[in-house]
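These notes are about the structure you will find just below.
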Amino acid sequence: MPQLAELLQVYGVLIVFGIVLVEQFGLPIPAYPVLIVAGALSVTADVSWQMVWMAAILACLICDAFWFRAGRFYGKRILRLLCKISLSPDSCVNQTEDRFSKFGVKSLLVSKFVPGFNTIAAPLSGAMGVNPRLFLLYAVSGAALWSGTGILLGVWFHNSVDGVLDTLSTMGSTALTIVAGLLALFIAFKYAERRRHRSRSAIERIDIDEVLALIDAGHDPVIIDARSLSAQQMEAAIPGAVIFKACQPEHLMASLDRDRHIVVYCSCPDDVTAAEVARQFMVNGFHRARPLKGGLDAWNAQRGNDPELDPATC
């Protein structure tokens with residue numbers, strides 16, 4: 001830590017490039033504070049803010065291009081992988097998918113400012129078939145806005161930043177311990193948040209064989225599609241399923257018999273979104289509401305596009 005300012009002065013561009021690069025690839029390494037420090041040093045030391053800005057944009061562009069191509073070729077599989085490794089709750093990932101459906105490729109302008117959205121915006125753009133040139137335009141603009149804001153904050157508050165750096169320099173190895181501890185606490189908090197979120201959705205699942213048995217026995221279960229709007233565009237729904245996001249939940253529940261079997265599915269890891277929607281039904285008296293174990297993948301593996309179910313309405 002005593003050499004932090006000196007390292008940034010000598011290797012500032014490379015340090016910014018490396019930290020932004022690993023953060024944009026999905027590692028929980030906060031790059032924004034480094035941009036702020038680099039901006040402050042551009043006022044008080046021999047650090048070129050223009051070079052730092054270009055390095056940050058280039059790092060963002062490399063990662064965005066990689067994830068865009070991955071989304072284009074692997075579609076929902078790469079999104080599912082990101083959901084599994086992300087420290088954000090799975091429902092947050094679904095919310096970012098809905099934001100993308102609402103605002104389209106323009107959402108890339110602000111995606112890097114939104115936790116969770118930053119991880120999934122680029123691969124989702126590829127999976128949704130966004131024009132590569134249009135993606136490149138908004139990706140570069142968003143990276144420039146995000147990194148430029150960080151550098152500008154450092155320039156504005158350079159006196160305060162310099163004071164913090166001076167304090168850290170006098171603390172020696174203790175400062176490094178504090179910074180490492182704060183980073184560990186951040187990761188632990190996000191992990192605990194995800195675990196807590198999943199524990200709230202820990203309700204009994206129904207497997208695909210049970211669903212098919214209900215259909216064959218004439219029980220006519222109501223199939224609820226709880227996926228995000230983007231996920232619905234990437235893959236067809238189960239024939240006859242009710243699109244939950246296209247309904248007013250209170251109107252839908254008022255139209256159904258509370259003794260009827262309700263099967264809710266999604267396409268996210270651990271069926272988290274489906275479990276949350278199923279819990280809403282259970283709270284409103286639908287004691288036979290359960291999330292489908294394995295979600296849409298389980299249905300497609302067993303039945304494909306079987307049109308046996310009649311369409312349901314809200």
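Chain labels A, B, ... are given in the sequence in which chains occur in the structure tokens; within each chain residues are numbered consecutively from 1, and ligands are likewise numbered from 1 in the order shown.
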With only C-alpha atoms as the counted atoms, please give the residues lying no more than 8 Å from stretch 251-268 of chain A, apart from itself and same-chain residues fewer than 3 positions off, as number ranges by chain. A: 80, 83, 90, 94, 206, 211, 219-227, 231, 247-248, 271-275, 277-278, 281, 284-297, 314
Please, what distance in Å, to one decimal, runs between atom CA of A:Val47 and atom CA of A:Gly148?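 That distance, rounded to one decimal, is 14.8 Å.
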Which is closest to A:Pro132 among A:Asp270, A:Trp146, A:His158, A:Arg72, if we use only C-alpha atoms?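 Using only C-alpha atoms, A:Pro132 sits closest to A:Arg72.
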Which residue out of A:Ile29, A:Leu108, A:Val283, A:Ile151 has the minimum interatomic distance to A:Met51 when only C-alpha atoms are used?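 Smallest distance to A:Met51 is found for A:Ile151.
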Could you list, as an mmCIF file with all heavy atoms, in the first residue's frame, every residue within 12 Å of A:Asp209, counting only C-alpha atoms and ignoring same-chain residues fewer than 4 positions away?
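Saved as around.cif:
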```cif
data_model
loop_
_atom_site.group_PDB
_atom_site.id
_atom_site.type_symbol
_atom_site.label_atom_id
_atom_site.label_comp_id
_atom_site.auth_asym_id
_atom_site.auth_seq_id
_atom_site.Cartn_x
_atom_site.Cartn_y
_atom_site.Cartn_z
ATOM 1 N N ARG A 205 -40.856 -29.292 -4.971
ATOM 2 C CA ARG A 205 -40.978 -29.282 -6.426
ATOM 3 C C ARG A 205 -41.828 -30.454 -6.908
ATOM 4 O O ARG A 205 -42.017 -31.432 -6.189
ATOM 5 C CB ARG A 205 -39.594 -29.385 -7.071
ATOM 6 C CG ARG A 205 -38.901 -28.075 -7.412
ATOM 7 C CD ARG A 205 -38.522 -27.259 -6.248
ATOM 8 N NE ARG A 205 -37.589 -26.185 -6.625
ATOM 9 C CZ ARG A 205 -37.307 -25.153 -5.863
ATOM 10 N NH1 ARG A 205 -37.854 -25.044 -4.669
ATOM 11 N NH2 ARG A 205 -36.467 -24.220 -6.264
ATOM 12 N N ALA A 213 -48.239 -37.450 -15.461
ATOM 13 C CA ALA A 213 -49.233 -38.343 -14.866
ATOM 14 C C ALA A 213 -50.534 -37.599 -14.586
ATOM 15 O O ALA A 213 -51.629 -38.138 -14.800
ATOM 16 C CB ALA A 213 -48.681 -38.960 -13.576
ATOM 17 N N LEU A 214 -50.433 -36.344 -14.126
ATOM 18 C CA LEU A 214 -51.634 -35.536 -13.892
ATOM 19 C C LEU A 214 -52.379 -35.282 -15.199
ATOM 20 O O LEU A 214 -53.612 -35.352 -15.263
ATOM 21 C CB LEU A 214 -51.250 -34.204 -13.248
ATOM 22 C CG LEU A 214 -50.774 -34.232 -11.792
ATOM 23 C CD1 LEU A 214 -50.290 -32.849 -11.364
ATOM 24 C CD2 LEU A 214 -51.890 -34.714 -10.863
ATOM 25 N N ILE A 215 -51.614 -34.990 -16.263
ATOM 26 C CA ILE A 215 -52.238 -34.744 -17.563
ATOM 27 C C ILE A 215 -52.928 -36.004 -18.077
ATOM 28 O O ILE A 215 -54.082 -35.966 -18.537
ATOM 29 C CB ILE A 215 -51.185 -34.249 -18.570
ATOM 30 C CG1 ILE A 215 -50.624 -32.894 -18.131
ATOM 31 C CG2 ILE A 215 -51.792 -34.153 -19.973
ATOM 32 C CD1 ILE A 215 -49.466 -32.408 -18.969
ATOM 33 N N ASP A 216 -52.228 -37.137 -17.987
ATOM 34 C CA ASP A 216 -52.787 -38.400 -18.482
ATOM 35 C C ASP A 216 -54.019 -38.818 -17.690
ATOM 36 O O ASP A 216 -54.928 -39.474 -18.226
ATOM 37 C CB ASP A 216 -51.727 -39.505 -18.416
ATOM 38 C CG ASP A 216 -50.576 -39.258 -19.395
ATOM 39 O OD1 ASP A 216 -50.786 -38.503 -20.369
ATOM 40 O OD2 ASP A 216 -49.472 -39.802 -19.174
ATOM 41 N N LEU A 292 -42.009 -26.549 -11.211
ATOM 42 C CA LEU A 292 -41.570 -27.716 -11.967
ATOM 43 C C LEU A 292 -40.067 -27.899 -11.808
ATOM 44 O O LEU A 292 -39.290 -27.004 -12.156
ATOM 45 C CB LEU A 292 -41.933 -27.559 -13.438
ATOM 46 C CG LEU A 292 -41.428 -28.643 -14.401
ATOM 47 C CD1 LEU A 292 -41.994 -30.008 -14.019
ATOM 48 C CD2 LEU A 292 -41.787 -28.300 -15.844
ATOM 49 N N LYS A 293 -39.658 -29.024 -11.314
ATOM 50 C CA LYS A 293 -38.244 -29.311 -11.129
ATOM 51 C C LYS A 293 -37.558 -29.431 -12.493
ATOM 52 O O LYS A 293 -37.956 -30.226 -13.332
ATOM 53 C CB LYS A 293 -38.073 -30.607 -10.341
ATOM 54 C CG LYS A 293 -36.628 -30.944 -10.010
ATOM 55 C CD LYS A 293 -36.542 -32.210 -9.179
ATOM 56 C CE LYS A 293 -35.108 -32.549 -8.826
ATOM 57 N NZ LYS A 293 -35.033 -33.794 -8.001
ATOM 58 N N GLY A 294 -36.530 -28.635 -12.697
ATOM 59 C CA GLY A 294 -35.819 -28.659 -13.974
ATOM 60 C C GLY A 294 -36.372 -27.698 -15.000
ATOM 61 O O GLY A 294 -35.762 -27.494 -16.055
ATOM 62 N N ALA A 298 -36.604 -29.576 -18.540
ATOM 63 C CA ALA A 298 -37.146 -30.889 -18.182
ATOM 64 C C ALA A 298 -38.329 -31.245 -19.077
ATOM 65 O O ALA A 298 -38.462 -32.388 -19.523
ATOM 66 C CB ALA A 298 -37.566 -30.899 -16.711
ATOM 67 N N TRP A 299 -39.186 -30.258 -19.358
ATOM 68 C CA TRP A 299 -40.343 -30.507 -20.232
ATOM 69 C C TRP A 299 -39.878 -30.846 -21.651
ATOM 70 O O TRP A 299 -40.339 -31.815 -22.254
ATOM 71 C CB TRP A 299 -41.258 -29.291 -20.258
ATOM 72 C CG TRP A 299 -42.385 -29.428 -21.244
ATOM 73 C CD1 TRP A 299 -42.362 -29.081 -22.559
ATOM 74 C CD2 TRP A 299 -43.674 -29.987 -20.993
ATOM 75 N NE1 TRP A 299 -43.561 -29.371 -23.151
ATOM 76 C CE2 TRP A 299 -44.388 -29.930 -22.219
ATOM 77 C CE3 TRP A 299 -44.300 -30.511 -19.874
ATOM 78 C CZ2 TRP A 299 -45.692 -30.382 -22.331
ATOM 79 C CZ3 TRP A 299 -45.606 -30.958 -19.979
ATOM 80 C CH2 TRP A 299 -46.286 -30.898 -21.203
ATOM 81 N N ALA A 301 -37.058 -32.007 -22.695
ATOM 82 C CA ALA A 301 -36.358 -33.285 -22.745
ATOM 83 C C ALA A 301 -37.335 -34.453 -22.774
ATOM 84 O O ALA A 301 -37.063 -35.500 -23.371
ATOM 85 C CB ALA A 301 -35.426 -33.425 -21.544
ATOM 86 N N GLN A 302 -38.503 -34.255 -22.151
ATOM 87 C CA GLN A 302 -39.472 -35.345 -22.046
ATOM 88 C C GLN A 302 -40.519 -35.327 -23.157
ATOM 89 O O GLN A 302 -40.884 -36.350 -23.702
ATOM 90 C CB GLN A 302 -40.178 -35.263 -20.684
ATOM 91 C CG GLN A 302 -40.999 -36.490 -20.307
ATOM 92 C CD GLN A 302 -40.137 -37.617 -19.788
ATOM 93 O OE1 GLN A 302 -38.918 -37.493 -19.760
ATOM 94 N NE2 GLN A 302 -40.744 -38.709 -19.380
ATOM 95 N N ARG A 303 -41.003 -34.114 -23.472
ATOM 96 C CA ARG A 303 -42.138 -34.033 -24.392
ATOM 97 C C ARG A 303 -41.910 -33.155 -25.611
ATOM 98 O O ARG A 303 -42.724 -33.167 -26.536
ATOM 99 C CB ARG A 303 -43.376 -33.494 -23.639
ATOM 100 C CG ARG A 303 -43.855 -34.405 -22.530
ATOM 101 C CD ARG A 303 -44.382 -35.727 -23.065
ATOM 102 N NE ARG A 303 -45.669 -35.576 -23.700
ATOM 103 C CZ ARG A 303 -46.841 -35.745 -23.063
ATOM 104 N NH1 ARG A 303 -46.862 -36.049 -21.769
ATOM 105 N NH2 ARG A 303 -47.975 -35.615 -23.701
#
```
Would you kindly return, as a list of chain:residue names, each protein, DNA or RNA residue with an atom no farther than 6 Å from any atom of stretch 111-123 of chain A, considering only C-alpha atoms and excluding same-chain residues fewer than 6 positions away?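 Answer for this query is A:Asp64, A:Trp67, A:Phe68, A:Gly71, A:Thr96.
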Contacts of A:Ile62 within 8 Å, only C-alpha atoms, excl. fewer than 4 positions in-chain, as a PDB file with all heavy atoms, in the first residue's frame:
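Written out: selection_24.pdb:
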```
ATOM      1  N   LEU A  21     -10.662  -5.303 -16.851  1.00  0.00           N
ATOM      2  CA  LEU A  21     -10.830  -6.517 -17.651  1.00  0.00           C
ATOM      3  C   LEU A  21     -11.362  -7.671 -16.803  1.00  0.00           C
ATOM      4  O   LEU A  21     -12.340  -8.325 -17.184  1.00  0.00           O
ATOM      5  CB  LEU A  21      -9.501  -6.905 -18.289  1.00  0.00           C
ATOM      6  CG  LEU A  21      -9.544  -8.048 -19.318  1.00  0.00           C
ATOM      7  CD1 LEU A  21     -10.213  -7.578 -20.602  1.00  0.00           C
ATOM      8  CD2 LEU A  21      -8.135  -8.558 -19.618  1.00  0.00           C
ATOM      9  N   LEU A  58     -11.234   0.013 -23.742  1.00  0.00           N
ATOM     10  CA  LEU A  58     -10.734  -1.159 -24.470  1.00  0.00           C
ATOM     11  C   LEU A  58     -10.982  -2.440 -23.680  1.00  0.00           C
ATOM     12  O   LEU A  58     -11.415  -3.459 -24.255  1.00  0.00           O
ATOM     13  CB  LEU A  58      -9.235  -1.003 -24.746  1.00  0.00           C
ATOM     14  CG  LEU A  58      -8.561  -2.178 -25.475  1.00  0.00           C
ATOM     15  CD1 LEU A  58      -9.200  -2.410 -26.834  1.00  0.00           C
ATOM     16  CD2 LEU A  58      -7.060  -1.928 -25.612  1.00  0.00           C
ATOM     17  N   PHE A  66     -16.500 -10.562 -26.295  1.00  0.00           N
ATOM     18  CA  PHE A  66     -16.427 -11.990 -25.967  1.00  0.00           C
ATOM     19  C   PHE A  66     -17.787 -12.520 -25.540  1.00  0.00           C
ATOM     20  O   PHE A  66     -18.253 -13.558 -26.038  1.00  0.00           O
ATOM     21  CB  PHE A  66     -15.393 -12.207 -24.859  1.00  0.00           C
ATOM     22  CG  PHE A  66     -15.374 -13.610 -24.320  1.00  0.00           C
ATOM     23  CD1 PHE A  66     -14.646 -14.606 -24.956  1.00  0.00           C
ATOM     24  CD2 PHE A  66     -16.099 -13.950 -23.176  1.00  0.00           C
ATOM     25  CE1 PHE A  66     -14.636 -15.911 -24.462  1.00  0.00           C
ATOM     26  CE2 PHE A  66     -16.086 -15.243 -22.678  1.00  0.00           C
ATOM     27  CZ  PHE A  66     -15.358 -16.218 -23.324  1.00  0.00           C
TER      28      PHE A  66
END
```
For A:Val34, the nearest of the candidates A:Gly126, A:Gly150, A:Gly218, A:Pro249, counting only C-alpha atoms: A:Gly150
Proximity to A:Gln24 - best of A:Cys60, A:Asp46, A:Val52, A:Gly154, only C-alpha atoms: A:Cys60
Could you state the separation of atom CA of A:Val37 and atom CA of A:Leu153 in Å, given to one decimal place? 9.0 Å
Pick the closest to A:Leu137 from A:Leu109, A:Leu152, A:Leu185, A:Val20: which is it, counting only C-alpha atoms?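 Of the candidates, the smallest distance to A:Leu137 is held by A:Leu109.
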